[in-house]
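A.B. asks: So here's model31.cif (mmCIF, C-alpha atoms).
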data_target
loop_
_atom_site.label_atom_id
_atom_site.label_comp_id
_atom_site.auth_asym_id
_atom_site.auth_seq_id
_atom_site.Cartn_x
_atom_site.Cartn_y
_atom_site.Cartn_z
CA MET A 14 -66.94 -137.98 -64.92
CA LYS A 15 -69.41 -139.14 -62.32
CA LYS A 16 -71.94 -141.90 -61.92
CA ILE A 17 -75.32 -140.97 -60.42
CA THR A 18 -77.55 -143.82 -59.27
CA LEU A 19 -81.24 -143.05 -58.77
CA LYS A 20 -83.51 -145.39 -56.84
CA ILE A 21 -86.95 -145.07 -58.44
CA ASP A 22 -90.27 -146.52 -57.30
CA GLY A 23 -92.97 -147.38 -59.83
CA MET A 24 -91.11 -148.76 -62.87
CA MET A 25 -92.81 -152.03 -63.82
CA CYS A 26 -91.59 -152.93 -67.32
CA GLY A 27 -89.24 -152.18 -70.19
CA MET A 28 -91.46 -149.38 -71.44
CA CYS A 29 -91.15 -147.68 -68.04
CA GLU A 30 -87.37 -147.89 -68.37
CA SER A 31 -87.52 -146.36 -71.87
CA HIS A 32 -89.81 -143.57 -70.70
CA VAL A 33 -87.45 -142.59 -67.85
CA ASN A 34 -84.38 -142.81 -70.11
CA ASP A 35 -85.99 -140.66 -72.84
CA VAL A 36 -87.03 -137.94 -70.39
CA ILE A 37 -83.58 -137.82 -68.77
CA ARG A 38 -81.86 -137.64 -72.19
CA ARG A 39 -84.18 -134.83 -73.27
CA GLU A 40 -83.87 -132.76 -70.07
CA LEU A 41 -80.20 -133.18 -69.11
CA ASN A 42 -76.79 -133.01 -70.77
CA ILE A 43 -75.51 -136.54 -70.08
CA LYS A 44 -73.17 -139.14 -71.60
CA LYS A 45 -75.22 -142.28 -70.90
CA VAL A 46 -78.34 -143.43 -69.06
CA THR A 47 -79.60 -146.94 -68.31
CA SER A 48 -82.58 -148.09 -66.24
CA SER A 49 -83.65 -151.37 -64.69
CA HIS A 50 -87.20 -151.93 -63.51
CA THR A 51 -86.17 -155.13 -61.69
CA LYS A 52 -83.56 -153.25 -59.63
CA GLY A 53 -85.71 -150.13 -59.44
CA GLU A 54 -82.83 -147.90 -60.46
CA THR A 55 -81.50 -145.59 -63.14
CA VAL A 56 -77.78 -144.97 -63.66
CA ILE A 57 -76.59 -141.72 -65.27
CA ILE A 58 -73.03 -141.07 -66.51
CA THR A 59 -72.27 -137.36 -66.87
CA ASP A 60 -69.55 -134.71 -66.90
CA SER A 61 -71.77 -131.97 -65.52
CA GLU A 62 -73.12 -131.24 -62.06
CA ILE A 63 -76.80 -132.21 -61.62
CA ASN A 64 -78.80 -130.91 -58.67
CA ASP A 65 -80.85 -133.47 -56.69
CA THR A 66 -83.89 -131.18 -56.84
CA VAL A 67 -83.73 -131.11 -60.65
CA LEU A 68 -83.58 -134.92 -60.73
CA LYS A 69 -86.53 -135.19 -58.33
CA ASN A 70 -88.63 -132.84 -60.49
CA ILE A 71 -87.78 -134.71 -63.70
CA ILE A 72 -88.64 -138.11 -62.22
CA SER A 73 -91.84 -136.91 -60.51
CA ASN A 74 -93.02 -135.40 -63.83
CA THR A 75 -92.81 -138.90 -65.35
CA GLY A 76 -95.19 -140.27 -62.70
CA TYR A 77 -92.56 -142.22 -60.75
CA THR A 78 -91.11 -141.52 -57.30
CA LEU A 79 -87.43 -140.75 -56.71
CA LEU A 80 -86.40 -142.52 -53.50
CA SER A 81 -82.67 -141.71 -53.32
CA VAL A 82 -79.70 -140.28 -55.22
CA ALA A 83 -76.12 -141.55 -54.89
CA GLU A 84 -73.08 -140.05 -56.63
CA GLU A 85 -69.64 -141.56 -57.10
CA PRO A 86 -66.66 -140.99 -59.40
CA TYR A 87 -66.80 -142.90 -62.66
CA GLU A 88 -63.86 -144.24 -64.62
CA LYS A 89 -64.50 -146.09 -67.82
CA LYS A 90 -63.00 -149.56 -67.72
CA GLY A 91 -61.97 -150.94 -71.06
CA LEU A 92 -60.06 -153.92 -72.34
CA PHE A 93 -56.70 -152.21 -71.84
CA SER A 94 -57.49 -150.27 -68.65
CA PHE A 95 -54.86 -152.26 -66.74
CA LEU A 96 -52.16 -150.47 -68.76
CA LYS A 97 -53.07 -147.06 -67.26
CA ARG A 98 -51.62 -147.91 -63.83
#
Can you present the structure in this file as structure tokens?
C.D. replies:
Amino acid sequence: MKKITLKIDGMMCGMCESHVNDVIRRELNIKKVTSSHTKGETVIITDSEINDTVLKNIISNTGYTLLSVAEEPYEKKGLFSFLKR
């Protein structure tokens, strides 16, 4: 799994966050998406490969501006994750 962090310009409130999350859920096959207008970012958890150009098009169609995309491996951390070592 991977974690993709999008820096987005233009989100001003909770409704903006919901709008971005809904569009991403509808357009992409993902596990989880969360947005924060105060941080100006959206975090996507996914198993599949997502092209930066596709992300830019999706975000620009919502009326916001995609500033950057960062990918990193994602490992779910649970209560008993320390036992997996």
A.B. asks: Work out how far atom CA of A:Gly91 is from atom CA of A:Asp65, in Å to one decimal.
C.D. replies: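 Pair atom CA of A:Asp65 / atom CA of A:Gly91 returns 29.5 Å.
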A.B. asks: Starting from the PyMOL selection byres ((chain A and resi 86) around 10), expand the selection into actual residues of this file and give them as a list in words.
C.D. replies: Met14, Lys15, Lys16, Ile17, Ile58, Glu84, Glu85, Tyr87 and Glu88 of chain A
A.B. asks: For atom CA of A:Asp35 and atom CA of A:Thr66, quote the distance in Å rounded to one decimal.
C.D. replies: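 Straight-line distance from atom CA of A:Asp35 to atom CA of A:Thr66 works out to 18.7 Å.
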A.B. asks: Could you check how far atom CA of A:Asp22 sits from atom CA of A:Asp60, in Å to one decimal?
C.D. replies: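 Computing the Euclidean distance for atom CA of A:Asp22 and atom CA of A:Asp60 yields 25.7 Å.
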A.B. asks: Could you list, as a VMD selection string, every residue within 8 Å of A:Ile43, counting only C-alpha atoms and ignoring same-chain residues fewer than 2 positions away?
C.D. replies: chain A and resid 38 41 45 to 46 57 to 61
A.B. asks: Would you pick out the contacts of A:Met28 at 10 Å or less, using only C-alpha atoms, so that residues sharing its chain but fewer than 5 positions from it are not included, and give the list as a PyMOL selection string?
C.D. replies: chain A and resi 33-34+50
A.B. asks: Which residue is closest to A:Leu68? Choose from A:Lys90, A:Lys44, A:Ile21, A:Ser31 and count all atoms listed in the file.
C.D. replies: A:Ile21
A.B. asks: Starting from the sparse input, extend stretch 33-57 of chain A to N, CA and C atoms and give the output as a PDB file, in the frame of the given file.
C.D. replies:
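Just written: rebuild-v9.pdb:
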ATOM      1  N   VAL A  33     -88.359-143.301 -68.748  1.00  0.00           N
ATOM      2  CA  VAL A  33     -87.450-142.590 -67.850  1.00  0.00           C
ATOM      3  C   VAL A  33     -86.189-142.179 -68.598  1.00  0.00           C
ATOM      4  N   ASN A  34     -85.603-143.111 -69.365  1.00  0.00           N
ATOM      5  CA  ASN A  34     -84.380-142.810 -70.110  1.00  0.00           C
ATOM      6  C   ASN A  34     -84.600-141.676 -71.112  1.00  0.00           C
ATOM      7  N   ASP A  35     -85.696-141.703 -71.837  1.00  0.00           N
ATOM      8  CA  ASP A  35     -85.990-140.660 -72.840  1.00  0.00           C
ATOM      9  C   ASP A  35     -86.132-139.292 -72.192  1.00  0.00           C
ATOM     10  N   VAL A  36     -86.833-139.222 -71.069  1.00  0.00           N
ATOM     11  CA  VAL A  36     -87.030-137.940 -70.390  1.00  0.00           C
ATOM     12  C   VAL A  36     -85.704-137.401 -69.874  1.00  0.00           C
ATOM     13  N   ILE A  37     -84.882-138.252 -69.290  1.00  0.00           N
ATOM     14  CA  ILE A  37     -83.580-137.820 -68.770  1.00  0.00           C
ATOM     15  C   ILE A  37     -82.689-137.337 -69.916  1.00  0.00           C
ATOM     16  N   ARG A  38     -82.662-138.070 -71.031  1.00  0.00           N
ATOM     17  CA  ARG A  38     -81.860-137.640 -72.190  1.00  0.00           C
ATOM     18  C   ARG A  38     -82.320-136.288 -72.713  1.00  0.00           C
ATOM     19  N   ARG A  39     -83.618-136.071 -72.732  1.00  0.00           N
ATOM     20  CA  ARG A  39     -84.180-134.830 -73.270  1.00  0.00           C
ATOM     21  C   ARG A  39     -83.908-133.640 -72.348  1.00  0.00           C
ATOM     22  N   GLU A  40     -83.964-133.857 -71.032  1.00  0.00           N
ATOM     23  CA  GLU A  40     -83.870-132.760 -70.070  1.00  0.00           C
ATOM     24  C   GLU A  40     -82.454-132.420 -69.614  1.00  0.00           C
ATOM     25  N   LEU A  41     -81.537-133.384 -69.666  1.00  0.00           N
ATOM     26  CA  LEU A  41     -80.200-133.180 -69.110  1.00  0.00           C
ATOM     27  C   LEU A  41     -79.114-133.417 -70.150  1.00  0.00           C
ATOM     28  N   ASN A  42     -77.962-132.791 -69.928  1.00  0.00           N
ATOM     29  CA  ASN A  42     -76.790-133.010 -70.770  1.00  0.00           C
ATOM     30  C   ASN A  42     -75.969-134.139 -70.143  1.00  0.00           C
ATOM     31  N   ILE A  43     -76.142-135.356 -70.665  1.00  0.00           N
ATOM     32  CA  ILE A  43     -75.510-136.540 -70.080  1.00  0.00           C
ATOM     33  C   ILE A  43     -74.753-137.319 -71.133  1.00  0.00           C
ATOM     34  N   LYS A  44     -73.900-138.242 -70.692  1.00  0.00           N
ATOM     35  CA  LYS A  44     -73.170-139.140 -71.600  1.00  0.00           C
ATOM     36  C   LYS A  44     -73.967-140.412 -71.858  1.00  0.00           C
ATOM     37  N   LYS A  45     -74.543-140.984 -70.778  1.00  0.00           N
ATOM     38  CA  LYS A  45     -75.220-142.280 -70.900  1.00  0.00           C
ATOM     39  C   LYS A  45     -76.250-142.413 -69.784  1.00  0.00           C
ATOM     40  N   VAL A  46     -77.347-143.115 -70.075  1.00  0.00           N
ATOM     41  CA  VAL A  46     -78.340-143.430 -69.060  1.00  0.00           C
ATOM     42  C   VAL A  46     -78.872-144.842 -69.304  1.00  0.00           C
ATOM     43  N   THR A  47     -78.999-145.607 -68.229  1.00  0.00           N
ATOM     44  CA  THR A  47     -79.600-146.940 -68.310  1.00  0.00           C
ATOM     45  C   THR A  47     -80.532-147.107 -67.111  1.00  0.00           C
ATOM     46  N   SER A  48     -81.612-147.835 -67.316  1.00  0.00           N
ATOM     47  CA  SER A  48     -82.580-148.090 -66.240  1.00  0.00           C
ATOM     48  C   SER A  48     -82.871-149.573 -66.138  1.00  0.00           C
ATOM     49  N   SER A  49     -83.250-149.997 -64.942  1.00  0.00           N
ATOM     50  CA  SER A  49     -83.650-151.370 -64.690  1.00  0.00           C
ATOM     51  C   SER A  49     -84.877-151.376 -63.796  1.00  0.00           C
ATOM     52  N   HIS A  50     -85.993-151.883 -64.342  1.00  0.00           N
ATOM     53  CA  HIS A  50     -87.200-151.930 -63.510  1.00  0.00           C
ATOM     54  C   HIS A  50     -87.092-153.007 -62.434  1.00  0.00           C
ATOM     55  N   THR A  51     -86.318-154.074 -62.689  1.00  0.00           N
ATOM     56  CA  THR A  51     -86.170-155.130 -61.690  1.00  0.00           C
ATOM     57  C   THR A  51     -85.359-154.652 -60.487  1.00  0.00           C
ATOM     58  N   LYS A  52     -84.351-153.815 -60.723  1.00  0.00           N
ATOM     59  CA  LYS A  52     -83.560-153.250 -59.630  1.00  0.00           C
ATOM     60  C   LYS A  52     -84.189-151.981 -59.079  1.00  0.00           C
ATOM     61  N   GLY A  53     -85.086-151.381 -59.856  1.00  0.00           N
ATOM     62  CA  GLY A  53     -85.710-150.130 -59.440  1.00  0.00           C
ATOM     63  C   GLY A  53     -84.724-148.980 -59.437  1.00  0.00           C
ATOM     64  N   GLU A  54     -83.828-148.963 -60.439  1.00  0.00           N
ATOM     65  CA  GLU A  54     -82.830-147.900 -60.460  1.00  0.00           C
ATOM     66  C   GLU A  54     -82.504-147.426 -61.869  1.00  0.00           C
ATOM     67  N   THR A  55     -81.983-146.207 -61.915  1.00  0.00           N
ATOM     68  CA  THR A  55     -81.500-145.590 -63.140  1.00  0.00           C
ATOM     69  C   THR A  55     -80.086-145.114 -62.871  1.00  0.00           C
ATOM     70  N   VAL A  56     -79.166-145.386 -63.803  1.00  0.00           N
ATOM     71  CA  VAL A  56     -77.780-144.970 -63.660  1.00  0.00           C
ATOM     72  C   VAL A  56     -77.465-143.958 -64.757  1.00  0.00           C
ATOM     73  N   ILE A  57     -76.932-142.802 -64.348  1.00  0.00           N
ATOM     74  CA  ILE A  57     -76.590-141.720 -65.270  1.00  0.00           C
ATOM     75  C   ILE A  57     -75.078-141.506 -65.216  1.00  0.00           C
TER      76      ILE A  57
END
